[in-house]
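Q: This is the content of coords-v4.txt (compact mmCIF, C-alpha atoms and all ligand atoms):
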```
# COMPACT_ATOMS: atom_id res chain seq x y z
CA MET A 291 24.18 -17.79 -4.46
CA ILE A 292 20.89 -17.28 -6.29
CA GLY A 293 17.70 -18.21 -4.49
CA ALA A 294 14.64 -18.38 -6.73
CA ILE A 295 11.01 -18.34 -5.63
CA ALA A 296 8.65 -19.52 -8.37
CA ASP A 297 4.90 -18.84 -8.34
CA ASP A 298 4.05 -22.20 -9.89
CA PHE A 299 5.58 -25.64 -10.30
CA THR A 300 6.18 -25.72 -14.05
CA GLY A 301 7.71 -22.27 -13.80
CA ALA A 302 10.01 -23.60 -11.08
CA THR A 303 11.30 -26.41 -13.28
CA ASP A 304 11.71 -23.90 -16.12
CA VAL A 305 13.85 -21.56 -14.03
CA ALA A 306 15.76 -24.44 -12.40
CA VAL A 307 16.82 -25.78 -15.78
CA ALA A 308 17.74 -22.27 -16.99
CA LEU A 309 20.12 -21.95 -14.03
CA ARG A 310 21.46 -25.47 -14.41
CA ARG A 311 22.07 -25.03 -18.16
CA ARG A 312 24.52 -22.25 -17.33
CA GLY A 313 26.46 -24.57 -15.06
CA LEU A 314 24.98 -23.59 -11.67
CA ARG A 315 24.43 -26.60 -9.39
CA THR A 316 20.72 -26.12 -8.74
CA LEU A 317 18.45 -27.64 -6.11
CA LEU A 318 14.70 -27.73 -6.68
CA TYR A 319 12.23 -27.92 -3.80
CA PHE A 320 8.48 -28.27 -4.13
CA GLY A 321 7.17 -26.05 -1.35
CA LEU A 322 9.39 -25.14 1.59
CA PRO A 323 12.27 -27.59 2.01
CA PRO A 324 11.68 -30.18 4.74
CA GLN A 325 12.95 -29.34 8.24
CA GLY A 326 16.55 -30.36 8.78
CA ALA A 327 17.18 -31.00 5.06
CA GLN A 328 20.92 -31.33 4.45
CA PRO A 329 21.29 -30.01 0.91
CA PRO A 330 24.21 -31.22 -1.22
CA GLU A 331 26.70 -28.64 -2.56
CA HIS A 332 24.89 -26.14 -4.78
CA ASP A 333 25.06 -22.68 -6.35
CA ALA A 334 21.33 -22.03 -6.65
CA VAL A 335 18.10 -23.05 -4.95
CA VAL A 336 14.64 -22.92 -6.49
CA ILE A 337 11.57 -23.09 -4.26
CA ALA A 338 8.41 -23.95 -6.18
CA LEU A 339 5.28 -22.40 -4.70
CA LYS A 340 1.70 -22.57 -5.91
CA THR A 341 0.90 -18.91 -5.39
CA ARG A 342 -0.14 -17.67 -8.82
CA THR A 343 -3.87 -17.84 -8.22
CA VAL A 344 -4.34 -18.24 -4.46
CA HIS A 345 -5.61 -15.35 -2.31
CA LYS A 346 -3.02 -12.57 -2.35
CA ALA A 347 -2.45 -12.53 1.43
CA ASP A 348 -1.68 -16.24 1.23
CA ALA A 349 0.65 -15.73 -1.74
CA VAL A 350 2.54 -13.01 0.15
CA ALA A 351 2.80 -15.07 3.35
CA ARG A 352 4.10 -18.15 1.52
CA SER A 353 6.60 -16.12 -0.53
CA LEU A 354 7.94 -14.43 2.63
CA ARG A 355 8.34 -17.83 4.27
CA ALA A 356 10.34 -18.99 1.26
CA LEU A 357 12.47 -15.84 1.49
CA ARG A 358 13.13 -16.51 5.19
CA TRP A 359 14.25 -20.04 4.34
CA LEU A 360 16.58 -18.79 1.59
CA ARG A 361 18.07 -16.20 3.94
CA ALA A 362 18.53 -18.71 6.75
CA HIS A 363 20.35 -21.04 4.34
CA GLY A 364 22.65 -18.45 2.80
CA ALA A 365 20.81 -18.55 -0.51
CA ALA A 366 19.54 -14.98 -0.66
CA GLU A 367 22.60 -13.14 -1.97
CA GLN A 368 20.38 -12.52 -4.98
CA VAL A 369 16.70 -13.42 -4.97
CA TYR A 370 14.86 -14.15 -8.21
CA PHE A 371 11.07 -14.07 -8.23
CA LYS A 372 9.98 -16.28 -11.16
CA TYR A 373 6.63 -15.42 -12.68
CA CYS A 374 5.18 -16.52 -15.98
CA SER A 375 6.52 -15.44 -19.36
CA THR A 376 2.94 -14.41 -20.16
CA PHE A 377 2.66 -12.45 -16.88
CA ASP A 378 -0.19 -14.73 -15.74
CA SER A 379 -1.97 -13.01 -12.87
CA THR A 380 -5.46 -12.13 -11.78
CA PRO A 381 -6.56 -8.45 -11.54
CA GLU A 382 -5.90 -8.69 -7.77
CA GLY A 383 -2.37 -9.96 -8.30
CA ASN A 384 -0.39 -11.86 -7.21
CA ILE A 385 2.76 -10.66 -8.92
CA GLY A 386 2.44 -7.11 -7.51
CA PRO A 387 1.65 -7.97 -3.88
CA VAL A 388 4.41 -10.63 -3.75
CA LEU A 389 6.97 -8.31 -5.33
CA ASP A 390 6.04 -5.46 -2.97
CA ALA A 391 6.57 -7.75 0.02
CA LEU A 392 9.86 -9.19 -1.26
CA ALA A 393 11.19 -5.78 -2.31
CA ASP A 394 10.37 -4.30 1.12
CA ALA A 395 11.86 -7.26 2.98
CA LEU A 396 15.06 -7.11 0.92
CA GLU A 397 15.10 -3.29 0.95
CA ALA A 398 15.58 -3.39 -2.82
CA PRO A 399 15.57 0.21 -4.08
CA ILE A 400 14.65 -0.86 -7.62
CA VAL A 401 13.68 -4.27 -8.98
CA PRO A 402 14.66 -5.02 -12.59
CA MET A 403 12.57 -7.62 -14.35
CA THR A 404 11.29 -8.95 -17.64
CA PRO A 405 8.96 -11.74 -18.72
CA SER A 406 10.85 -11.86 -22.03
CA SER A 407 11.77 -15.42 -23.00
CA PRO A 408 12.71 -15.28 -26.70
CA GLU A 409 13.23 -19.04 -26.91
CA HIS A 410 9.51 -19.42 -26.17
CA GLY A 411 8.48 -16.53 -28.41
CA ARG A 412 7.91 -14.03 -25.57
CA THR A 413 9.55 -10.67 -26.12
CA GLN A 414 9.27 -7.27 -24.48
CA TYR A 415 9.48 -4.05 -26.51
CA ASN A 416 8.85 -0.56 -25.09
CA GLY A 417 7.29 -2.26 -22.10
CA TYR A 418 4.78 -4.22 -24.20
CA LEU A 419 4.78 -8.02 -24.01
CA PHE A 420 4.48 -9.99 -27.23
CA VAL A 421 3.59 -13.67 -27.59
CA GLY A 422 4.97 -14.69 -30.95
CA ASP A 423 3.99 -11.88 -33.29
CA VAL A 424 0.94 -10.64 -31.37
CA LEU A 425 0.52 -8.57 -28.24
CA LEU A 426 -0.16 -10.54 -25.06
CA GLY A 427 -3.70 -9.17 -24.81
CA GLU A 428 -4.49 -10.41 -28.31
CA SER A 429 -2.90 -13.84 -27.83
CA HIS A 430 -4.54 -17.10 -26.74
CA MET A 431 -3.84 -15.91 -23.17
CA ARG A 432 -7.03 -13.84 -23.26
CA HIS A 433 -8.89 -17.17 -22.91
CA HIS A 434 -6.90 -18.55 -19.96
CA PRO A 435 -9.22 -20.32 -17.47
CA LEU A 436 -7.81 -18.63 -14.34
CA THR A 437 -5.66 -15.71 -15.44
CA PRO A 438 -7.06 -14.24 -18.68
CA MET A 439 -4.64 -11.56 -19.90
CA THR A 440 -6.31 -8.76 -21.87
CA ASP A 441 -3.74 -5.97 -21.49
CA SER A 442 -0.18 -6.06 -22.90
CA TYR A 443 1.51 -3.06 -21.30
CA LEU A 444 3.53 -4.40 -18.41
CA PRO A 445 3.93 -1.25 -16.28
CA ARG A 446 0.14 -0.75 -16.32
CA LEU A 447 -0.49 -4.40 -15.46
CA LEU A 448 1.90 -4.30 -12.51
CA GLU A 449 0.88 -0.86 -11.22
CA ALA A 450 -2.72 -2.09 -10.97
CA GLN A 451 -1.49 -4.76 -8.52
CA SER A 452 1.25 -2.91 -6.64
CA ALA A 453 1.81 -0.01 -4.27
CA TYR A 454 4.80 1.18 -6.34
CA ARG A 455 5.43 2.74 -9.74
CA SER A 456 6.78 0.90 -12.76
CA GLY A 457 8.95 2.05 -15.67
CA VAL A 458 10.80 0.71 -18.69
CA VAL A 459 14.45 0.13 -19.56
CA THR A 460 14.11 0.39 -23.33
CA LEU A 461 15.97 -1.60 -25.95
CA PRO A 462 18.38 1.25 -26.79
CA HIS A 463 19.41 1.31 -23.10
CA VAL A 464 20.00 -2.45 -23.18
CA ARG A 465 21.85 -2.49 -26.48
CA GLY A 466 23.76 0.71 -25.58
CA GLN A 467 25.05 -0.91 -22.35
CA ALA A 468 23.12 1.72 -20.36
CA VAL A 469 20.96 -0.52 -18.14
CA GLU A 470 22.51 0.67 -14.88
CA ARG A 471 22.30 4.34 -15.89
CA ARG A 472 18.62 3.93 -16.81
CA LEU A 473 17.89 2.17 -13.51
CA ALA A 474 19.45 5.10 -11.63
CA GLU A 475 17.27 7.52 -13.62
CA LEU A 476 14.12 5.53 -12.90
CA ARG A 477 15.00 5.38 -9.20
CA GLU A 478 15.28 9.16 -9.11
CA GLN A 479 11.84 9.37 -10.69
CA GLY A 480 10.44 7.25 -7.85
CA VAL A 481 10.03 4.08 -9.92
CA ARG A 482 10.53 0.79 -8.09
CA TYR A 483 9.88 -1.78 -10.85
CA ALA A 484 11.84 -1.59 -14.08
CA PHE A 485 10.74 -3.71 -17.03
CA VAL A 486 13.76 -4.40 -19.20
CA ASP A 487 13.14 -4.70 -22.95
CA ALA A 488 14.62 -7.85 -24.52
CA LEU A 489 14.02 -9.21 -28.01
CA ALA A 490 16.81 -11.77 -28.12
CA GLU A 491 18.84 -14.03 -25.80
CA GLU A 492 21.76 -11.62 -26.16
CA ASP A 493 19.66 -8.83 -24.60
CA LEU A 494 19.02 -11.06 -21.59
CA MET A 495 22.74 -11.83 -21.33
CA THR A 496 23.52 -8.08 -21.42
CA ALA A 497 20.87 -7.40 -18.78
CA GLY A 498 22.18 -10.31 -16.67
CA ARG A 499 25.69 -8.83 -16.64
CA ALA A 500 24.32 -5.43 -15.58
CA LEU A 501 22.15 -6.86 -12.80
CA VAL A 502 24.37 -9.33 -10.92
CA ARG A 503 24.40 -7.08 -7.87
CA ALA A 504 20.66 -6.36 -7.69
CA PRO A 505 19.25 -7.87 -4.48
CA LEU A 506 15.93 -8.75 -6.12
CA VAL A 507 15.31 -9.50 -9.80
CA ALA A 508 12.14 -10.95 -11.31
CA GLY A 509 10.64 -12.30 -14.48
CA ALA A 510 10.53 -15.47 -16.54
CA ALA A 511 13.32 -18.01 -16.85
CA GLY A 512 15.17 -16.05 -19.57
CA LEU A 513 16.58 -13.32 -17.34
CA ALA A 514 17.48 -15.89 -14.68
CA GLY A 515 19.57 -17.57 -17.40
CA GLY A 516 21.25 -14.20 -18.08
CA LEU A 517 22.11 -13.79 -14.39
CA ALA A 518 23.37 -17.38 -14.18
CA ALA A 519 25.57 -16.87 -17.24
CA ALA A 520 27.01 -13.70 -15.72
CA ARG A 521 27.84 -15.63 -12.55
CA ALA A 522 29.12 -18.77 -14.20
CA GLY A 523 31.36 -16.88 -16.66
CA ALA A 524 30.68 -14.85 -19.74
CA ALA A 525 29.25 -17.55 -21.99
CA GLY A 526 28.11 -19.83 -19.19
CA GLN A 527 29.23 -23.43 -18.93
CA GLU A 528 28.07 -26.34 -20.99
CA GLU A 529 25.49 -28.44 -19.17
CA THR A 530 26.59 -31.88 -18.09
CA ALA A 531 24.86 -35.03 -19.43
CA ALA A 532 21.54 -35.52 -17.65
CA PRO A 533 19.73 -38.80 -17.05
CA GLU A 534 16.52 -39.94 -18.84
CA PRO A 535 13.88 -42.01 -17.05
CA SER A 536 12.28 -45.29 -18.13
CA GLY A 537 9.29 -47.51 -17.25
CA PRO A 538 5.50 -47.26 -17.51
CA ALA A 539 4.35 -43.73 -18.35
CA ALA A 540 1.13 -41.70 -18.24
CA VAL A 541 0.09 -38.15 -19.09
CA LEU A 542 -2.21 -35.98 -16.96
CA ALA A 543 -3.24 -32.80 -18.77
CA GLY A 544 -5.18 -29.98 -17.09
CA SER A 545 -3.83 -27.10 -19.14
CA CYS A 546 -6.26 -25.52 -21.61
CA SER A 547 -3.50 -23.57 -23.36
CA SER A 548 -3.44 -23.74 -27.14
CA ARG A 549 -0.18 -25.69 -27.28
CA THR A 550 -1.41 -28.30 -24.77
CA LEU A 551 -4.63 -28.70 -26.77
CA GLU A 552 -2.51 -29.46 -29.85
CA GLN A 553 -0.35 -31.91 -27.89
CA VAL A 554 -3.43 -33.68 -26.55
CA GLN A 555 -4.79 -33.93 -30.10
CA VAL A 556 -1.52 -35.41 -31.38
CA MET A 557 -1.66 -38.13 -28.71
CA ILE A 558 -5.27 -38.96 -29.53
CA GLU A 559 -4.58 -39.05 -33.28
CA ALA A 560 -1.60 -41.35 -32.68
CA GLY A 561 -4.07 -43.83 -31.17
CA ARG A 562 -3.01 -43.53 -27.55
CA PRO A 563 -5.73 -44.47 -25.05
CA ALA A 564 -7.36 -41.24 -23.87
CA HIS A 565 -9.88 -40.53 -21.11
CA ARG A 566 -11.47 -37.10 -20.63
CA LEU A 567 -12.46 -35.90 -17.18
CA ASP A 568 -15.88 -34.33 -17.55
CA ALA A 569 -16.65 -31.92 -14.74
CA LEU A 570 -20.17 -31.31 -16.06
CA THR A 571 -21.34 -34.91 -15.74
CA GLU A 572 -19.49 -35.73 -12.50
CA GLN A 573 -19.00 -33.03 -9.91
CA ASP A 574 -17.14 -34.99 -7.32
CA ALA A 575 -13.34 -35.35 -7.39
CA ASP A 576 -13.35 -38.82 -5.88
CA SER A 577 -15.85 -40.18 -8.44
CA LEU A 578 -13.97 -38.57 -11.33
CA ALA A 579 -10.74 -40.17 -10.08
CA ARG A 580 -12.27 -43.59 -9.44
CA ARG A 581 -13.80 -43.69 -12.93
CA ALA A 582 -10.48 -42.68 -14.53
CA LEU A 583 -8.53 -45.30 -12.59
CA ALA A 584 -11.06 -48.01 -13.45
CA TRP A 585 -10.61 -47.03 -17.11
CA TYR A 586 -6.82 -47.24 -16.66
CA ASP A 587 -7.07 -50.69 -15.05
CA ALA A 588 -8.84 -52.02 -18.15
CA LEU A 589 -6.16 -50.82 -20.59
CA ASP A 590 -3.90 -53.06 -22.64
CA ALA A 591 -0.26 -52.01 -22.04
CA ARG A 592 0.44 -52.64 -25.74
CA ASP A 593 -1.65 -49.59 -26.65
CA GLY A 594 1.03 -47.31 -25.23
CA ALA A 595 1.11 -44.75 -22.45
CA PRO A 596 -2.36 -43.29 -21.81
CA LEU A 597 -3.62 -39.75 -21.53
CA ILE A 598 -6.07 -38.54 -18.90
CA TYR A 599 -7.11 -34.96 -19.54
CA SER A 600 -9.57 -32.20 -18.75
CA SER A 601 -8.14 -29.76 -21.32
CA LEU A 602 -10.87 -28.02 -23.29
CA GLU A 603 -10.90 -25.43 -26.05
CA PRO A 604 -12.10 -21.91 -25.04
CA ALA A 605 -15.79 -22.15 -26.04
CA LYS A 606 -16.34 -25.48 -24.24
CA LEU A 607 -14.31 -24.31 -21.26
CA ARG A 608 -16.55 -21.25 -20.95
CA ARG A 609 -19.60 -23.52 -20.78
CA VAL A 610 -18.10 -25.50 -17.87
CA GLN A 611 -17.08 -22.31 -16.08
CA GLN A 612 -20.54 -20.77 -16.56
CA ALA A 613 -22.18 -23.88 -15.16
CA LEU A 614 -19.84 -24.55 -12.22
CA GLY A 615 -17.80 -21.36 -11.73
CA ALA A 616 -14.16 -20.97 -12.81
CA GLU A 617 -12.63 -21.52 -9.38
CA ARG A 618 -14.87 -24.41 -8.45
CA SER A 619 -14.37 -26.31 -11.69
CA ALA A 620 -10.58 -25.78 -11.52
CA ALA A 621 -10.44 -26.95 -7.89
CA LEU A 622 -12.58 -30.00 -8.69
CA LEU A 623 -10.39 -31.04 -11.62
CA GLU A 624 -7.13 -30.36 -9.81
CA SER A 625 -8.29 -32.44 -6.87
CA ALA A 626 -9.35 -35.28 -9.20
CA ILE A 627 -6.05 -35.20 -11.08
CA GLY A 628 -4.10 -35.30 -7.81
CA ARG A 629 -6.00 -38.43 -6.74
CA ILE A 630 -5.48 -40.00 -10.14
CA ALA A 631 -1.74 -39.34 -9.92
CA ARG A 632 -1.62 -41.19 -6.58
CA GLY A 633 -3.57 -44.09 -8.09
CA LEU A 634 -1.29 -44.30 -11.12
CA VAL A 635 1.83 -44.40 -8.96
CA GLU A 636 0.28 -47.17 -6.82
CA ARG A 637 -0.27 -49.05 -10.10
CA GLY A 638 3.40 -48.86 -11.06
CA VAL A 639 3.70 -45.73 -13.22
CA THR A 640 7.35 -44.57 -13.06
CA ARG A 641 7.16 -41.67 -15.57
CA LEU A 642 4.43 -39.13 -14.97
CA VAL A 643 3.93 -36.24 -17.37
CA THR A 644 1.68 -33.38 -16.29
CA ALA A 645 0.58 -30.44 -18.46
CA GLY A 646 -0.15 -27.12 -16.77
CA GLY A 647 1.36 -25.30 -13.81
CA GLU A 648 -1.66 -25.45 -11.48
CA THR A 649 -2.25 -29.03 -12.54
CA SER A 650 1.37 -29.94 -11.89
CA GLY A 651 1.19 -28.29 -8.48
CA ALA A 652 -1.86 -30.37 -7.63
CA VAL A 653 -0.10 -33.58 -8.71
CA VAL A 654 3.15 -32.89 -6.88
CA SER A 655 1.26 -31.92 -3.73
CA ALA A 656 -0.91 -35.04 -3.90
CA LEU A 657 2.21 -37.19 -4.27
CA GLY A 658 3.89 -35.38 -1.36
CA VAL A 659 7.13 -34.96 -3.33
CA PRO A 660 9.62 -32.71 -1.45
CA GLY A 661 11.84 -31.84 -4.41
CA GLY A 662 14.12 -33.33 -6.97
CA VAL A 663 17.13 -33.35 -9.21
CA ILE A 664 16.92 -31.86 -12.69
CA GLY A 665 17.37 -34.41 -15.48
CA ALA A 666 17.35 -34.20 -19.28
CA GLU A 667 15.08 -31.69 -21.01
CA ALA A 668 12.30 -33.29 -23.07
CA ALA A 669 11.76 -29.81 -24.54
CA ARG A 670 13.30 -26.43 -23.88
CA GLY A 671 12.42 -25.50 -20.27
CA VAL A 672 10.76 -28.88 -19.61
CA PRO A 673 13.19 -31.16 -17.75
CA TRP A 674 12.56 -34.53 -16.18
CA ILE A 675 12.68 -34.27 -12.40
CA PHE A 676 14.03 -37.22 -10.41
CA VAL A 677 12.49 -37.37 -6.98
CA PRO A 678 13.82 -39.31 -3.95
CA SER A 679 11.03 -41.89 -4.04
CA GLY A 680 8.31 -41.84 -6.63
CA PRO A 681 8.00 -41.49 -10.38
CA ALA A 682 10.17 -39.26 -12.54
CA LEU A 683 8.11 -36.15 -13.26
CA LEU A 684 7.86 -34.06 -16.40
CA LEU A 685 6.01 -30.90 -15.41
CA LYS A 686 5.15 -29.20 -18.67
CA SER A 687 4.20 -25.54 -18.82
CA GLY A 688 0.93 -25.15 -20.65
CA ASN A 689 2.42 -23.45 -23.68
CA PHE A 690 5.77 -25.20 -23.91
CA GLY A 691 7.01 -27.96 -26.20
CA ASP A 692 6.44 -29.06 -29.78
CA PRO A 693 3.02 -30.50 -30.70
CA ASP A 694 4.36 -34.07 -30.34
CA LEU A 695 6.00 -33.53 -26.93
CA LEU A 696 3.48 -35.50 -24.83
CA LEU A 697 3.55 -38.36 -27.32
CA GLU A 698 7.33 -38.50 -27.65
CA ALA A 699 8.05 -38.06 -23.93
CA THR A 700 6.00 -41.17 -23.16
CA ARG A 701 7.34 -43.56 -25.85
N1 LIG A 801 -12.46 -28.65 -18.40
C1 LIG A 801 -12.11 -27.71 -17.53
N2 LIG A 801 -13.03 -26.91 -16.96
C2 LIG A 801 -12.69 -25.96 -16.06
N3 LIG A 801 -11.42 -25.74 -15.65
C3 LIG A 801 -10.46 -26.52 -16.18
C4 LIG A 801 -10.76 -27.53 -17.14
N4 LIG A 801 -9.63 -28.16 -17.47
C5 LIG A 801 -8.67 -27.58 -16.75
N5 LIG A 801 -9.17 -26.59 -15.97
C6 LIG A 801 -8.41 -25.78 -15.02
O1 LIG A 801 -7.67 -24.80 -15.73
C7 LIG A 801 -6.48 -24.53 -15.02
C8 LIG A 801 -5.34 -24.63 -16.01
O2 LIG A 801 -4.22 -24.11 -15.41
P1 LIG A 801 -2.80 -24.79 -15.51
O3 LIG A 801 -1.86 -23.88 -14.75
O4 LIG A 801 -2.85 -26.20 -15.11
O5 LIG A 801 -2.48 -24.71 -17.06
P2 LIG A 801 -1.75 -23.53 -17.85
O6 LIG A 801 -2.04 -22.23 -17.19
O7 LIG A 801 -2.07 -23.70 -19.26
O8 LIG A 801 -0.23 -23.90 -17.61
P3 LIG A 801 1.00 -22.96 -17.21
O9 LIG A 801 0.62 -22.29 -15.92
O10 LIG A 801 2.09 -23.94 -17.07
O11 LIG A 801 1.15 -22.00 -18.35
C9 LIG A 801 -6.36 -25.56 -13.91
O12 LIG A 801 -6.74 -24.98 -12.68
C10 LIG A 801 -7.36 -26.62 -14.34
O13 LIG A 801 -7.88 -27.38 -13.27
O1 LIG A 802 7.41 -18.72 -17.86
C1 LIG A 802 6.66 -19.58 -18.33
O2 LIG A 802 5.98 -19.41 -19.34
C2 LIG A 802 6.55 -20.88 -17.58
O3 LIG A 802 7.73 -21.19 -16.90
C3 LIG A 802 5.46 -20.82 -16.58
O4 LIG A 802 5.53 -20.07 -15.64
C4 LIG A 802 4.34 -21.74 -16.77
O5 LIG A 802 3.39 -21.68 -15.75
```
What is this structure when it is put down as structure tokens?
A:
Amino acid sequence: MIGAIADDFTGATDVAVALRRRGLRTLLYFGLPPQGAQPPEHDAVVIALKTRTVHKADAVARSLRALRWLRAHGAAEQVYFKYCSTFDSTPEGNIGPVLDALADALEAPIVPMTPSSPEHGRTQYNGYLFVGDVLLGESHMRHHPLTPMTDSYLPRLLEAQSAYRSGVVTLPHVRGQAVERRLAELREQGVRYAFVDALAEEDLMTAGRALVRAPLVAGAAGLAGGLAAARAGAAGQEETAAPEPSGPAAVLAGSCSSRTLEQVQVMIEAGRPAHRLDALTEQDADSLARRALAWYDALDARDGAPLIYSSLEPAKLRRVQQALGAERSAALLESAIGRIARGLVERGVTRLVTAGGETSGAVVSALGVPGGVIGAEAARGVPWIFVPSGPALLLKSGNFGDPDLLLEATR
């Protein structure tokens, strides 16, 4: 049984659908599962945490609690720590501190990992992470509001956050079926974290087959898919038909990633009602939320599903952050968006689309949703989540989906 711990909510849905696609019956929990939960039959459990940008001691404590739950429920035969395919982390962590704690707790001698996710244009070569055809540190990720990424060499990024050394399993090792041999070599050299090069899905499948017995593996959803395929049978199983939701829809966008900015623009250009949350003019979450909900109440349903967003392009974002501080402005907007989500659900919204991992975490927490069942994918890695009571949720990673995803998902 695979037990996955994800450091944000969109990442959790991404890894849950990667496991499910390969035929593993996968449960998704937002936060620690409720006491006394009687889970249905399953092959994998994903616990979504919001630990990417919290204080590192808090991130470690929450991740260890999730590990204890997985162990107590027989779901820790192999643990997968899901971090972002763009290695989103602050200089303090939290990928390193969380991995150190999980690796120690599981007594994992070496932890193989890769953020490579070729289907989303993330690839790892010689330990360097590429986003499309540029290095991570030269990609749009250098402008991220909370986790700007300016370096691209993964071992250096992780060593700066961790007590242990990092190394690389290069592409010739992967393609020469020598992953296990290379891991043994790295172990002898005192390396604990091994970044596995992968340029294509097939590399992740090869790595997955070589790593099925590793107690702790980490990375983006791609390698989890490789492990799931190795468990489910060589080519994996075809996914079963998944349900699609219906009813009144709304989009809440807090991601400032370049793809979300395009998706927001497409919605606006299509004539959808759009309301921007302006942290500079209103610095109180309750007032921001009340104003947005009053705007929503005045809408004509015939205009289509609305968009409420705080997403800003880098130069404007910098101005807000300089005026209010990055953490404070993010917390203000996340709190406002959480309140707005509650208000929209009270007003009958049954399909809620959120853009951004932190933003999605804020919405799910505000709605008090314990977890859900994975439905159809609106885009690769972006499935609808059906929750026990409440709206169907589409938690979209900042950079995922075609430019018309937000528009099309809310038709
Ligand atoms: N106008 C703004 N000013 C300051 N901060 C903002 C603004 N709009 C959004 N933010 C903050 O930026 C952060 C964006 O992070 P979020 O995780 O939601 O998106 P993302 O990183 O693009 O998505 P993902 O993690 O899925 O890749 C949030 O904390 C959000 O509140
Ligand atoms: O890996 C990714 O890019 C996403 O699943 C993610 O973590 C978004 O926050």
Q: Box for ligand LIG 802 (chain A): with edges along x, y and z, all listed atoms inside and 4 Å added on each side, what are the centre and edge lengths in Å to one decimal, as JSON?
A:
```
{"center_x": 5.6, "center_y": -20.2, "center_z": -17.5, "size_x": 12.3, "size_y": 11.0, "size_z": 11.7}
```
Q: Set the cut-off to 6 Å, count all atoms listed in the file, and list whatever residues fall near ligand LIG 802 (chain A) as a PyMOL selection string.
A: chain A and resi 298+300-301+304+373-376+510+647+687
Q: Name the residues, by chain letter and number, that sit within 7 Å of ligand LIG 801 (chain A) using all atoms listed in the file, and give them as a PDB file with C-alpha atoms, in the coordinates of the input.
A:
```pdb
ATOM      1  CA  ASP A 298       4.050 -22.200  -9.890  1.00  0.00           C
ATOM      2  CA  THR A 300       6.180 -25.720 -14.050  1.00  0.00           C
ATOM      3  CA  GLY A 301       7.710 -22.270 -13.800  1.00  0.00           C
ATOM      4  CA  HIS A 434      -6.900 -18.550 -19.960  1.00  0.00           C
ATOM      5  CA  PRO A 435      -9.220 -20.320 -17.470  1.00  0.00           C
ATOM      6  CA  LEU A 436      -7.810 -18.630 -14.340  1.00  0.00           C
ATOM      7  CA  GLY A 544      -5.180 -29.980 -17.090  1.00  0.00           C
ATOM      8  CA  SER A 545      -3.830 -27.100 -19.140  1.00  0.00           C
ATOM      9  CA  CYS A 546      -6.260 -25.520 -21.610  1.00  0.00           C
ATOM     10  CA  SER A 547      -3.500 -23.570 -23.360  1.00  0.00           C
ATOM     11  CA  ASP A 568     -15.880 -34.330 -17.550  1.00  0.00           C
ATOM     12  CA  ALA A 569     -16.650 -31.920 -14.740  1.00  0.00           C
ATOM     13  CA  SER A 600      -9.570 -32.200 -18.750  1.00  0.00           C
ATOM     14  CA  SER A 601      -8.140 -29.760 -21.320  1.00  0.00           C
ATOM     15  CA  LEU A 602     -10.870 -28.020 -23.290  1.00  0.00           C
ATOM     16  CA  LEU A 607     -14.310 -24.310 -21.260  1.00  0.00           C
ATOM     17  CA  VAL A 610     -18.100 -25.500 -17.870  1.00  0.00           C
ATOM     18  CA  GLN A 611     -17.080 -22.310 -16.080  1.00  0.00           C
ATOM     19  CA  ALA A 616     -14.160 -20.970 -12.810  1.00  0.00           C
ATOM     20  CA  SER A 619     -14.370 -26.310 -11.690  1.00  0.00           C
ATOM     21  CA  ALA A 620     -10.580 -25.780 -11.520  1.00  0.00           C
ATOM     22  CA  ALA A 621     -10.440 -26.950  -7.890  1.00  0.00           C
ATOM     23  CA  LEU A 623     -10.390 -31.040 -11.620  1.00  0.00           C
ATOM     24  CA  GLU A 624      -7.130 -30.360  -9.810  1.00  0.00           C
ATOM     25  CA  ALA A 645       0.580 -30.440 -18.460  1.00  0.00           C
ATOM     26  CA  GLY A 646      -0.150 -27.120 -16.770  1.00  0.00           C
ATOM     27  CA  GLY A 647       1.360 -25.300 -13.810  1.00  0.00           C
ATOM     28  CA  GLU A 648      -1.660 -25.450 -11.480  1.00  0.00           C
ATOM     29  CA  THR A 649      -2.250 -29.030 -12.540  1.00  0.00           C
ATOM     30  CA  SER A 650       1.370 -29.940 -11.890  1.00  0.00           C
ATOM     31  CA  LYS A 686       5.150 -29.200 -18.670  1.00  0.00           C
ATOM     32  CA  SER A 687       4.200 -25.540 -18.820  1.00  0.00           C
ATOM     33  CA  GLY A 688       0.930 -25.150 -20.650  1.00  0.00           C
ATOM     34  CA  ASN A 689       2.420 -23.450 -23.680  1.00  0.00           C
TER      35      ASN A 689
END
```
Q: Choose the residue, out of A:Arg503, A:Arg311, A:His410, A:His433, that has the smallest atom-to-atom separation from Ala366 of chain A; count all atoms listed in the file.
A: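 Answer, going by the shortest atom-to-atom distance: A:Arg503.
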Q: Between A:Gln467, A:Arg521, A:Pro445, A:Gly537, which is the closest to Ala484 of chain A once you count all atoms listed in the file?
A: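 Closest to Ala484 of chain A, using all atoms listed in the file: A:Pro445.
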Q: Atom CA of Thr404 of chain A and atom CA of Ile385 of chain A, how far apart in Å?
A: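 Computed distance, atom CA of Ile385 of chain A to atom CA of Thr404 of chain A, equals 12.3 Å.
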Q: Hey, what's within 6 Å of segment 659-670 of chain A if we count all atoms listed in the file and toss same-chain stuff fewer than 6 positions away? As a PyMOL selection string, please?
A: chain A and resi 318-320+532-534+676-677+691
Q: Please provide the set of residues having any atom within 9 Å of Met431 of chain A, restricted to all atoms listed in the file, with same-chain residues fewer than 6 positions apart removed, written as a PyMOL selection string.
A: chain A and resi 376+378+421+437-440+547-548
